[in-house]
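With CSV, C-alpha atoms and all ligand atoms inside, this is work.csv:
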```
chain,number,residue,atom,x,y,z
A,1,MET,CA,94.5,77.0,98.5
A,2,PHE,CA,94.9,78.9,101.7
A,3,LEU,CA,92.8,80.2,104.5
A,4,ILE,CA,91.8,83.8,105.0
A,5,ASN,CA,90.6,85.1,108.4
A,6,CYS,CA,87.7,87.4,107.4
A,7,PRO,CA,87.5,90.1,110.0
A,8,HIS,CA,83.7,89.7,110.1
A,9,CYS,CA,83.2,85.9,109.8
A,10,GLY,CA,86.4,84.2,110.9
A,11,GLU,CA,88.7,81.8,109.1
A,12,ARG,CA,87.4,80.5,105.7
A,13,ASP,CA,88.8,78.8,102.6
A,14,GLN,CA,90.3,81.1,100.1
A,15,SER,CA,87.8,79.9,97.5
A,16,GLU,CA,85.1,82.0,99.3
A,17,PHE,CA,86.9,85.2,98.5
A,18,ASN,CA,87.8,87.3,95.5
A,19,CYS,CA,90.9,89.5,95.3
A,20,GLY,CA,90.1,93.1,94.3
A,21,GLY,CA,93.6,94.1,93.4
A,22,GLU,CA,96.1,96.5,94.9
A,23,ALA,CA,94.9,98.4,98.0
A,24,HIS,CA,95.3,102.1,98.7
A,25,ILE,CA,94.8,103.4,95.2
A,26,VAL,CA,93.6,107.0,95.7
A,27,ARG,CA,91.3,108.6,93.1
A,28,PRO,CA,92.8,111.8,91.7
A,29,LYS,CA,91.2,114.9,93.2
A,30,ASN,CA,90.9,116.7,89.9
A,31,PRO,CA,90.5,114.1,87.2
A,32,LEU,CA,89.6,116.7,84.6
A,33,ASN,CA,93.1,118.1,84.9
A,34,LEU,CA,94.9,114.8,84.2
A,35,THR,CA,96.4,113.9,80.9
A,36,ASP,CA,95.2,110.7,79.2
A,37,ASP,CA,98.4,108.9,80.3
A,38,GLN,CA,97.9,110.0,83.9
A,39,TRP,CA,94.3,108.8,83.9
A,40,ALA,CA,95.3,105.5,82.3
A,41,ASP,CA,97.9,105.1,85.0
A,42,TYR,CA,95.3,105.6,87.7
A,43,LEU,CA,92.8,103.2,86.1
A,44,PHE,CA,95.1,100.4,84.9
A,45,MET,CA,98.6,100.4,86.2
A,46,ARG,CA,99.3,98.3,89.3
A,47,LYS,CA,102.5,97.1,90.9
A,48,ASN,CA,102.1,93.3,90.7
A,49,ILE,CA,104.8,92.6,93.2
A,50,LYS,CA,106.3,89.2,93.7
A,51,GLY,CA,106.5,89.4,97.5
A,52,ILE,CA,104.8,91.6,100.0
A,53,GLN,CA,101.7,93.3,98.5
A,54,PHE,CA,98.8,95.2,100.0
A,55,GLU,CA,95.5,94.0,98.5
A,56,ARG,CA,91.8,94.5,98.8
A,57,TRP,CA,89.8,91.3,99.2
A,58,ASN,CA,86.0,90.6,99.2
A,59,HIS,CA,84.3,87.8,101.0
A,60,SER,CA,82.1,87.3,98.0
A,61,ASN,CA,80.6,83.9,99.1
A,62,GLY,CA,80.1,85.0,102.7
A,63,CYS,CA,79.4,88.4,104.2
A,64,ARG,CA,80.3,90.2,100.9
A,65,ARG,CA,82.3,92.8,102.8
A,66,TRP,CA,85.6,94.2,101.7
A,67,PHE,CA,88.8,94.4,103.7
A,68,ASN,CA,92.6,94.8,103.2
A,69,VAL,CA,95.2,92.0,103.3
A,70,VAL,CA,99.0,92.2,103.4
A,71,ARG,CA,100.0,89.0,101.5
A,72,ASN,CA,103.3,87.6,100.3
A,73,THR,CA,102.3,86.8,96.7
A,74,ALA,CA,105.1,84.3,96.3
A,75,THR,CA,104.1,82.1,99.2
A,76,ASP,CA,100.4,83.2,99.9
A,77,GLU,CA,101.4,83.9,103.5
A,78,ILE,CA,99.0,86.5,105.0
A,79,LEU,CA,100.9,88.9,107.2
A,80,LYS,CA,98.0,91.2,108.2
A,81,ILE,CA,94.3,91.8,107.7
A,82,TYR,CA,92.7,95.2,108.4
A,83,ASN,CA,89.6,97.1,107.6
A,84,ILE,CA,89.1,99.3,104.6
A,85,GLY,CA,89.9,102.9,105.4
A,86,GLU,CA,92.6,102.0,107.9
A,87,LYS,CA,96.1,103.2,107.2
A,88,ALA,CA,98.5,100.7,105.7
A,89,PRO,CA,100.4,98.9,108.4
A,90,GLN,CA,104.2,98.9,108.5
A,91,ILE,CA,105.3,95.4,107.5
A,92,GLU,CA,108.8,94.3,107.9
A,93,GLY,CA,109.7,91.4,105.7
A,94,ASN,CA,112.1,90.2,103.1
A,95,ASN,CA,110.8,89.9,99.6
A,96,PRO,CA,111.9,86.6,98.1
A,97,LYS,CA,114.6,86.5,95.6
A,98,THR,CA,113.5,85.2,92.2
A,99,PRO,CA,115.3,82.3,90.7
A,100,SER,CA,116.7,84.2,87.7
A,101,GLY,CA,117.3,87.4,89.7
A,102,GLU,CA,114.7,89.6,88.1
A,103,PRO,CA,113.4,92.5,90.2
A,104,ILE,CA,110.4,91.9,92.5
A,105,ILE,CA,108.2,94.0,90.2
A,106,GLY,CA,106.9,91.6,87.6
A,107,SER,CA,106.9,92.0,83.8
A,108,GLY,CA,103.3,93.2,83.9
A,109,ASN,CA,101.9,96.7,83.7
A,110,TYR,CA,104.1,98.4,86.2
A,111,SER,CA,107.2,97.6,84.2
A,112,THR,CA,105.7,99.2,81.2
A,113,SER,CA,104.7,102.3,83.1
A,114,PHE,CA,108.0,102.5,84.9
A,115,GLU,CA,110.0,102.4,81.6
A,116,LYS,CA,107.7,105.0,80.0
A,117,LYS,CA,108.4,107.5,82.8
A,118,GLN,CA,112.2,107.3,82.5
B,1,ZN,ZN,83.1,87.5,105.9
```

Show me the file's structure as structure tokens.
Amino acid sequence: MFLINCPHCGERDQSEFNCGGEAHIVRPKNPLNLTDDQWADYLFMRKNIKGIQFERWNHSNGCRRWFNVVRNTATDEILKIYNIGEKAPQIEGNNPKTPSGEPIIGSGNYSTSFEKKQ
């Protein structure tokens, strides 16, 4: 558990919020021109970083408004909270090293997508 400072309500327990996934995913301008693989990448492929990640959060048990959070997913440290529509802030930080030395990108969807494009 950790606290999140909702930009509209103030500091609340994390249990009042839902994470909406990676922030700053831009819808393609011409979706009809995309291949099935490109459309699937847009819909489903996310980075799933162990470390500093930009996420959308919703205060679902409060004001129900959305906002963006920069969070270290390894420690749950929140580095910045800003409104939807704002440009992603420049965040300086060290991503933590993993115990076995694997890359910060997890073994989830991004790895599969990354390998497919090579
Ligand atoms: Zn709120």

Test item: residues at most 8 Å from A:Glu16, only C-alpha atoms, excluding those fewer than 4 positions along its chain, as number ranges by chain: A: 12, 59-62

Those same residues, written as a PDB file, in the frame of the given file with C-alpha atoms?
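Written output follows (out_17.pdb):
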```pdb
ATOM      1  CA  ARG A  12      87.400  80.500 105.700  1.00  0.00           C
ATOM      2  CA  HIS A  59      84.300  87.800 101.000  1.00  0.00           C
ATOM      3  CA  SER A  60      82.100  87.300  98.000  1.00  0.00           C
ATOM      4  CA  ASN A  61      80.600  83.900  99.100  1.00  0.00           C
ATOM      5  CA  GLY A  62      80.100  85.000 102.700  1.00  0.00           C
TER       6      GLY A  62
END
```

Counting all atoms listed in the file, the residue of A:Phe54, A:Trp39, A:Phe17, A:Phe2 that sits nearest ligand ZN 1 (chain B):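 Among the listed residues, A:Phe17 lies closest to ligand ZN 1 (chain B).
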
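Using all atoms listed in the file for every distance, the candidate list A:Cys19, A:Leu43, A:Arg56, A:Arg64 yields A:Arg64 as the residue closest to ligand ZN 1 (chain B).
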
Selected residue, from A:Ala88, A:Met1, A:Lys50, A:Arg65, that lies nearest to ligand ZN 1 (chain B) when counting all atoms listed in the file: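 Of A:Ala88, A:Met1, A:Lys50, A:Arg65, the one nearest ligand ZN 1 (chain B), counting all atoms listed in the file, is A:Arg65.
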
Atom-to-atom span, atom CA of A:Trp57 and atom CA of A:Cys9, Å: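 Taking atom CA of A:Trp57 as the start and atom CA of A:Cys9 as the end point, the length is 13.6 Å.
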
Contacts of A:Lys80 within 10 Å, all atoms listed in the file, excl. fewer than 3 positions in-chain, as JSON, numbers by chain: {"A": [5, 54, 68, 69, 70, 71, 77, 88, 89, 90, 91]}

Å distance separating atom CA of A:Gln14 from atom CA of A:Asn58, one decimal place: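 Distance reported for this atom pair: 10.5 Å.
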
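The nearest approach to ligand ZN 1 (chain B) among the residues A:Met45, A:Val26, A:Ile4, A:Ala74, with all atoms listed in the file taken into account, belongs to A:Ile4.
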
Option closest in space to ligand ZN 1 (chain B), from A:Cys6, A:Ile25, A:Leu34, A:Ala40 [counting only C-alpha atoms and all ligand atoms]: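 That would be A:Cys6, the residue with the smallest distance to ligand ZN 1 (chain B).
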
Distance in Å - atom CA of A:Gly51 versus atom CA of A:Tyr82: 18.5 Å
